[in-house]
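Asker: My structure is in start12.cif, and what it holds is mmCIF, C-alpha atoms:
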```
data_input
loop_
_atom_site.label_atom_id
_atom_site.label_comp_id
_atom_site.auth_asym_id
_atom_site.auth_seq_id
_atom_site.Cartn_x
_atom_site.Cartn_y
_atom_site.Cartn_z
CA MET A 1 -35.78 -29.06 29.91
CA ALA A 2 -33.15 -28.51 32.59
CA VAL A 3 -31.29 -31.59 31.38
CA ILE A 4 -31.29 -30.28 27.80
CA ALA A 5 -30.05 -26.85 28.97
CA LYS A 6 -27.16 -28.48 30.80
CA LYS A 7 -26.23 -30.42 27.68
CA LEU A 8 -26.34 -27.30 25.49
CA GLN A 9 -24.32 -25.12 27.85
CA PRO A 10 -20.92 -26.75 27.15
CA ALA A 11 -21.57 -26.60 23.41
CA LYS A 12 -22.44 -22.90 23.64
CA THR A 13 -19.33 -22.20 25.67
CA ALA A 14 -17.18 -24.06 23.14
CA ALA A 15 -18.77 -22.14 20.25
CA ILE A 16 -18.03 -18.82 21.94
CA GLU A 17 -14.43 -19.88 22.58
CA ASP A 18 -14.01 -20.87 18.93
CA THR A 19 -15.50 -17.54 17.83
CA LYS A 20 -13.20 -15.61 20.16
CA LYS A 21 -10.15 -17.54 18.95
CA ILE A 22 -10.91 -16.77 15.31
CA LEU A 23 -11.68 -13.10 15.92
CA GLY A 24 -8.57 -12.74 18.06
CA GLU A 25 -6.36 -13.57 15.08
CA TYR A 26 -7.34 -10.30 13.41
CA SER A 27 -7.09 -6.64 14.37
CA ASP A 28 -9.78 -4.91 12.31
CA TYR A 29 -13.35 -5.90 11.43
CA ILE A 30 -15.85 -4.71 8.83
CA PHE A 31 -19.49 -5.69 9.38
CA VAL A 32 -21.81 -6.29 6.43
CA ASP A 33 -25.41 -7.32 5.88
CA TYR A 34 -25.29 -10.19 3.41
CA ARG A 35 -28.98 -11.08 3.12
CA GLY A 36 -29.96 -11.63 -0.51
CA LEU A 37 -26.51 -12.81 -1.63
CA THR A 38 -26.23 -16.21 -3.28
CA VAL A 39 -23.73 -18.83 -2.20
CA GLU A 40 -21.82 -18.18 -5.41
CA GLN A 41 -21.63 -14.43 -4.70
CA ILE A 42 -20.47 -14.98 -1.13
CA THR A 43 -17.78 -17.38 -2.36
CA LYS A 44 -16.60 -14.83 -4.92
CA LEU A 45 -16.44 -12.12 -2.26
CA ARG A 46 -14.47 -14.38 0.05
CA ASP A 47 -11.95 -15.04 -2.71
CA LYS A 48 -11.49 -11.31 -3.34
CA LEU A 49 -10.95 -10.62 0.35
CA ARG A 50 -8.52 -13.50 0.66
CA GLU A 51 -6.31 -11.71 -1.88
CA LYS A 52 -6.05 -8.89 0.67
CA ASP A 53 -5.16 -11.28 3.50
CA ALA A 54 -8.67 -10.91 4.93
CA ALA A 55 -11.44 -13.41 5.62
CA LEU A 56 -15.23 -13.26 5.57
CA LYS A 57 -17.11 -15.33 8.12
CA VAL A 58 -20.62 -15.53 9.54
CA PHE A 59 -20.96 -16.02 13.30
CA LYS A 60 -24.06 -16.32 15.42
CA ASN A 61 -24.64 -12.77 16.65
CA THR A 62 -25.03 -13.76 20.30
CA PHE A 63 -21.77 -15.70 20.21
CA ALA A 64 -19.98 -12.83 18.47
CA ARG A 65 -21.21 -10.30 21.03
CA VAL A 66 -19.92 -12.38 23.93
CA ALA A 67 -16.64 -13.10 22.13
CA PHE A 68 -16.02 -9.40 21.40
CA ASP A 69 -16.94 -8.55 24.98
CA GLU A 70 -14.37 -11.04 26.25
CA LEU A 71 -11.86 -9.47 23.85
CA LYS A 72 -12.50 -6.16 25.64
CA ASN A 73 -14.47 -4.74 22.73
CA ASP A 74 -18.13 -4.08 23.35
CA ALA A 75 -18.29 -1.09 20.98
CA VAL A 76 -19.24 -3.20 17.94
CA ALA A 77 -22.40 -4.71 19.45
CA GLU A 78 -24.50 -2.22 17.45
CA PHE A 79 -23.43 -3.91 14.21
CA LEU A 80 -24.32 -7.43 15.39
CA SER A 81 -27.99 -7.54 14.55
CA GLY A 82 -29.74 -9.22 11.65
CA PRO A 83 -27.86 -11.31 9.05
CA THR A 84 -24.27 -10.22 9.64
CA ALA A 85 -21.00 -11.33 8.13
CA ILE A 86 -17.67 -10.04 9.39
CA ALA A 87 -14.73 -9.24 7.14
CA MET A 88 -11.76 -9.87 9.40
CA VAL A 89 -8.63 -7.93 8.48
CA LYS A 90 -5.01 -8.22 9.58
CA GLN A 91 -3.63 -5.14 7.82
CA ASP A 92 -4.64 -2.39 5.39
CA ALA A 93 -8.33 -2.32 6.32
CA ASN A 94 -8.90 0.27 3.61
CA GLU A 95 -8.05 -2.25 0.89
CA SER A 96 -10.55 -4.78 2.24
CA ALA A 97 -13.13 -2.01 2.59
CA LYS A 98 -12.54 -1.09 -1.05
CA VAL A 99 -13.20 -4.69 -2.06
CA LEU A 100 -16.50 -4.63 -0.17
CA PHE A 101 -17.72 -1.30 -1.54
CA ASP A 102 -16.68 -2.20 -5.09
CA PHE A 103 -18.50 -5.52 -4.75
CA ALA A 104 -21.60 -3.74 -3.43
CA LYS A 105 -21.71 -1.63 -6.61
CA ASP A 106 -22.34 -4.81 -8.62
CA VAL A 107 -24.31 -6.58 -5.89
CA PRO A 108 -26.42 -3.96 -4.06
CA ALA A 109 -27.73 -6.62 -1.69
CA LEU A 110 -24.41 -6.36 0.16
CA VAL A 111 -24.60 -3.50 2.66
CA VAL A 112 -21.64 -2.32 4.73
CA LYS A 113 -22.81 -1.47 8.25
CA GLY A 114 -19.66 -0.15 9.86
CA ALA A 115 -16.27 -1.23 11.12
CA TRP A 116 -13.76 -1.44 13.92
CA VAL A 117 -10.42 -0.13 12.64
CA GLU A 118 -7.32 0.61 14.72
CA ASN A 119 -9.29 0.50 17.98
CA GLU A 120 -11.95 2.90 16.75
CA VAL A 121 -15.56 2.50 15.63
CA TYR A 122 -16.19 3.57 12.02
CA ASP A 123 -19.68 4.23 10.75
CA LYS A 124 -20.54 3.47 7.13
CA ALA A 125 -19.55 6.93 5.86
CA LYS A 126 -16.18 6.83 7.59
CA ILE A 127 -15.25 3.33 6.43
CA GLU A 128 -16.30 4.25 2.90
CA ALA A 129 -14.03 7.31 3.04
CA LEU A 130 -11.21 5.08 4.27
CA SER A 131 -11.76 2.71 1.34
CA LYS A 132 -10.83 5.51 -1.06
CA LEU A 133 -7.39 6.05 0.47
CA PRO A 134 -4.29 4.23 -0.83
CA GLY A 135 -3.02 1.33 1.28
CA LYS A 136 0.39 1.08 2.89
CA LYS A 137 1.77 -1.05 0.08
CA GLN A 138 0.52 1.41 -2.50
CA LEU A 139 1.98 4.34 -0.56
CA ILE A 140 5.37 2.58 -0.36
CA ALA A 141 5.25 1.93 -4.11
CA MET A 142 4.45 5.60 -4.74
CA LEU A 143 7.31 6.68 -2.49
CA MET A 144 9.79 4.33 -4.16
CA SER A 145 8.68 5.58 -7.55
CA ALA A 146 9.29 9.17 -6.46
CA ILE A 147 12.73 8.27 -5.12
CA ASN A 148 13.76 6.17 -8.12
CA GLY A 149 12.40 8.60 -10.72
CA PRO A 150 15.49 10.87 -10.89
CA ALA A 151 17.81 7.84 -10.85
CA ARG A 152 15.95 6.26 -13.79
CA LYS A 153 16.11 9.54 -15.68
CA LEU A 154 19.87 9.80 -15.13
CA ALA A 155 20.35 6.18 -16.17
CA GLY A 156 18.33 6.82 -19.33
CA THR A 157 20.45 9.87 -20.18
CA LEU A 158 23.69 7.93 -19.68
CA GLN A 159 22.39 5.02 -21.75
CA ALA A 160 21.46 7.36 -24.59
CA TYR A 161 24.94 8.91 -24.47
CA VAL A 162 26.61 5.49 -24.57
CA GLU A 163 24.49 4.44 -27.54
CA LYS A 164 25.38 7.65 -29.32
CA LEU A 165 29.09 6.99 -28.82
CA GLU A 166 28.73 3.43 -30.08
CA LYS A 167 26.94 4.68 -33.17
CA GLU A 168 29.30 7.52 -34.03
CA GLY A 169 32.51 5.91 -32.91
CA PRO A 170 35.29 7.58 -30.97
CA ALA A 171 35.86 11.20 -31.71
CA ALA A 172 38.28 11.40 -34.59
CA ALA A 173 39.37 14.91 -34.05
CA ALA A 174 42.35 15.12 -31.78
CA PRO A 175 42.93 18.32 -29.94
CA ALA A 176 44.24 20.91 -32.42
CA GLU A 177 48.00 21.52 -32.28
CA THR A 178 48.93 24.91 -31.14
CA ALA A 179 50.36 27.10 -33.88
CA PRO A 180 54.12 27.68 -33.64
CA ALA A 181 54.94 30.86 -31.88
CA LYS A 182 55.87 33.72 -34.19
CA GLU A 183 59.66 34.01 -34.43
CA GLU A 184 60.91 37.10 -32.87
CA ALA A 185 62.91 39.43 -35.13
CA PRO A 186 66.65 39.22 -34.45
CA ALA A 187 67.78 41.94 -32.21
CA ALA A 188 69.40 44.86 -34.06
CA GLU A 189 73.19 44.53 -34.17
CA ALA A 190 74.92 47.02 -32.01
CA ALA A 191 76.34 49.97 -33.97
CA PRO A 192 80.14 49.78 -34.36
CA ALA A 193 82.00 51.93 -31.95
CA GLU A 194 83.22 55.26 -33.43
CA ALA A 195 86.83 55.29 -34.75
CA PRO A 196 89.24 57.16 -32.55
CA ALA A 197 89.78 60.75 -33.63
CA ALA A 198 92.96 61.40 -35.76
CA PRO A 199 95.78 63.03 -33.79
CA ALA A 200 95.92 66.77 -34.22
CA GLU A 201 98.91 68.13 -36.43
CA ALA A 202 101.65 69.88 -34.70
#
```
Could you take the file, read its structure, and then write that structure out as structure tokens?
Answerer:
Amino acid sequence: MAVIAKKLQPAKTAAIEDTKKILGEYSDYIFVDYRGLTVEQITKLRDKLREKDAALKVFKNTFARVAFDELKNDAVAEFLSGPTAIAMVKQDANESAKVLFDFAKDVPALVVKGAWVENEVYDKAKIEALSKLPGKKQLIAMLMSAINGPARKLAGTLQAYVEKLEKEGPAAAAPAETAPAKEEAPAAEAAPAEAPAAPAEA
């Protein structure tokens, strides 16, 4: 038995190293109980998560515990019991969580246990609440829409004005000429000077 143990030890160490290497490529983890899911359902779930730049993988619980411990994370050990799959996420954990909870609505056999997100343990209620929030990409799209809204409205107004001009043609009416100023009446001629008085008779 001792000989067999010695032969298994290197294999176990290698398996833990492989597990640690894979987990180390991600920042956030969502733990699910997958018992009862068919191979086809698991494949479909993996495809949906892959669209969010996430991956779903099943590790041996003992190997995963040691790997997380070596990654300085022993807070997730509570989730590593029973049939457990880990959704490994690089960014926007809420979007991957949404995929999992939406999938669980159609396949109740999938049960979300909890998560490790941004260096914090999330229980099921907290990760479910997170899944209902918009992701960073969605927030950026909402912000850009809010910024571009007034610009699009102005562009639409200008376009409508241009189309109106093209339809009606240039304005035909030139600015009205100003009416000629009323001629002033000629100034009254000066009255002739009075004739000199006749000389008085002697």
Asker: Any idea what the distance is between CA of Leu133 (chain A) and CA of Ser27 (chain A)?
Answerer: 18.8 Å
Asker: I need the residue set behind the PyMOL selection byres ((chain A and resi 50) around 12) for this file; please write it as a list of chain:residue names.
Answerer: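 For this structure, the PyMOL selection byres ((chain A and resi 50) around 12) captures A:Thr43, A:Lys44, A:Leu45, A:Arg46, A:Asp47, A:Lys48, A:Leu49, A:Glu51, A:Lys52, A:Asp53, A:Ala54, A:Ala55, A:Leu56, A:Lys57, A:Ala87, A:Met88, A:Val89, A:Lys90, A:Glu95, A:Ser96, A:Val99, A:Leu100.
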Asker: Please list as a PyMOL selection string every residue within 12 Å of region 118-131 of chain A, counting all atoms listed in the file and excluding residues in the same chain fewer than 4 positions away.
Answerer: chain A and resi 26-33+71-79+89-102+104+111-114+135
Asker: How about saving the chosen residues, C-alpha atoms kept, as a CSV table (one decimal), keeping the file's coordinate frame?
Answerer:
```
chain,number,residue,atom,x,y,z
A,26,TYR,CA,-7.3,-10.3,13.4
A,27,SER,CA,-7.1,-6.6,14.4
A,28,ASP,CA,-9.8,-4.9,12.3
A,29,TYR,CA,-13.4,-5.9,11.4
A,30,ILE,CA,-15.8,-4.7,8.8
A,31,PHE,CA,-19.5,-5.7,9.4
A,32,VAL,CA,-21.8,-6.3,6.4
A,33,ASP,CA,-25.4,-7.3,5.9
A,71,LEU,CA,-11.9,-9.5,23.8
A,72,LYS,CA,-12.5,-6.2,25.6
A,73,ASN,CA,-14.5,-4.7,22.7
A,74,ASP,CA,-18.1,-4.1,23.4
A,75,ALA,CA,-18.3,-1.1,21.0
A,76,VAL,CA,-19.2,-3.2,17.9
A,77,ALA,CA,-22.4,-4.7,19.4
A,78,GLU,CA,-24.5,-2.2,17.4
A,79,PHE,CA,-23.4,-3.9,14.2
A,89,VAL,CA,-8.6,-7.9,8.5
A,90,LYS,CA,-5.0,-8.2,9.6
A,91,GLN,CA,-3.6,-5.1,7.8
A,92,ASP,CA,-4.6,-2.4,5.4
A,93,ALA,CA,-8.3,-2.3,6.3
A,94,ASN,CA,-8.9,0.3,3.6
A,95,GLU,CA,-8.0,-2.2,0.9
A,96,SER,CA,-10.6,-4.8,2.2
A,97,ALA,CA,-13.1,-2.0,2.6
A,98,LYS,CA,-12.5,-1.1,-1.0
A,99,VAL,CA,-13.2,-4.7,-2.1
A,100,LEU,CA,-16.5,-4.6,-0.2
A,101,PHE,CA,-17.7,-1.3,-1.5
A,102,ASP,CA,-16.7,-2.2,-5.1
A,104,ALA,CA,-21.6,-3.7,-3.4
A,111,VAL,CA,-24.6,-3.5,2.7
A,112,VAL,CA,-21.6,-2.3,4.7
A,113,LYS,CA,-22.8,-1.5,8.2
A,114,GLY,CA,-19.7,-0.2,9.9
A,135,GLY,CA,-3.0,1.3,1.3
```
Asker: Please compute the CA of Phe68 (chain A)-CA of Ala85 (chain A) distance, one decimal, in Å.
Answerer: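 Straight-line distance from CA of Phe68 (chain A) to CA of Ala85 (chain A) works out to 14.3 Å.
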Asker: Between CA of Ala67 (chain A) and CA of Glu17 (chain A), what distance in Å does the model show, to one decimal?
Answerer: 7.1 Å
Asker: Between A:Ile42, A:Leu80, A:Ala115, A:Ile22, which is the closest to Phe103 (chain A) once you count only C-alpha atoms?
Answerer: A:Ile42
Asker: Counting only C-alpha atoms, which of A:Lys132, A:Lys164, A:Lys12, A:Lys60 gets nearest to Ile86 (chain A)?
Answerer: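 Smallest distance to Ile86 (chain A) is found for A:Lys60.
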Asker: Using only C-alpha atoms, can you tell me which of A:Leu154, A:Ala11, A:Ile16, A:Ala109 comes closest to Asp69 (chain A)?
Answerer: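 Of A:Leu154, A:Ala11, A:Ile16, A:Ala109, the one nearest Asp69 (chain A), counting only C-alpha atoms, is A:Ile16.
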Asker: Since fewer atoms than expected are present, regenerate N, CA, C and O atoms for region 84-96 of chain A and write them as a short mmCIF file (atom, residue, chain, number, x, y, z; two decimals), in the coordinates of the input.
Answerer:
```cif
data_model
loop_
_atom_site.label_atom_id
_atom_site.label_comp_id
_atom_site.auth_asym_id
_atom_site.auth_seq_id
_atom_site.Cartn_x
_atom_site.Cartn_y
_atom_site.Cartn_z
N THR A 84 -25.54 -10.96 9.62
CA THR A 84 -24.27 -10.22 9.64
C THR A 84 -23.10 -11.13 9.34
O THR A 84 -22.96 -12.20 9.93
N ALA A 85 -22.28 -10.67 8.41
CA ALA A 85 -21.00 -11.33 8.13
C ALA A 85 -19.90 -10.36 8.52
O ALA A 85 -20.07 -9.13 8.44
N ILE A 86 -18.77 -10.90 8.95
CA ILE A 86 -17.67 -10.04 9.39
C ILE A 86 -16.46 -10.28 8.50
O ILE A 86 -15.98 -11.41 8.36
N ALA A 87 -15.99 -9.18 7.89
CA ALA A 87 -14.73 -9.24 7.14
C ALA A 87 -13.62 -8.97 8.14
O ALA A 87 -13.53 -7.88 8.71
N MET A 88 -12.81 -9.97 8.39
CA MET A 88 -11.76 -9.87 9.40
C MET A 88 -10.44 -9.55 8.71
O MET A 88 -10.03 -10.24 7.78
N VAL A 89 -9.79 -8.50 9.18
CA VAL A 89 -8.63 -7.93 8.48
C VAL A 89 -7.40 -7.91 9.38
O VAL A 89 -7.50 -7.54 10.56
N LYS A 90 -6.26 -8.26 8.82
CA LYS A 90 -5.01 -8.22 9.58
C LYS A 90 -4.23 -6.93 9.33
O LYS A 90 -3.53 -6.43 10.21
N GLN A 91 -4.33 -6.39 8.14
CA GLN A 91 -3.63 -5.14 7.82
C GLN A 91 -4.31 -4.47 6.62
O GLN A 91 -5.01 -5.11 5.86
N ASP A 92 -4.08 -3.17 6.49
CA ASP A 92 -4.64 -2.39 5.39
C ASP A 92 -6.15 -2.59 5.27
O ASP A 92 -6.68 -3.08 4.27
N ALA A 93 -6.87 -2.18 6.31
CA ALA A 93 -8.33 -2.32 6.32
C ALA A 93 -8.96 -1.58 5.16
O ALA A 93 -10.03 -1.96 4.67
N ASN A 94 -8.32 -0.50 4.72
CA ASN A 94 -8.90 0.27 3.61
C ASN A 94 -8.99 -0.54 2.33
O ASN A 94 -9.91 -0.36 1.53
N GLU A 95 -8.03 -1.44 2.11
CA GLU A 95 -8.05 -2.25 0.89
C GLU A 95 -9.20 -3.26 0.93
O GLU A 95 -9.87 -3.50 -0.08
N SER A 96 -9.43 -3.85 2.11
CA SER A 96 -10.55 -4.78 2.24
C SER A 96 -11.87 -4.02 2.13
O SER A 96 -12.84 -4.54 1.53
#
```
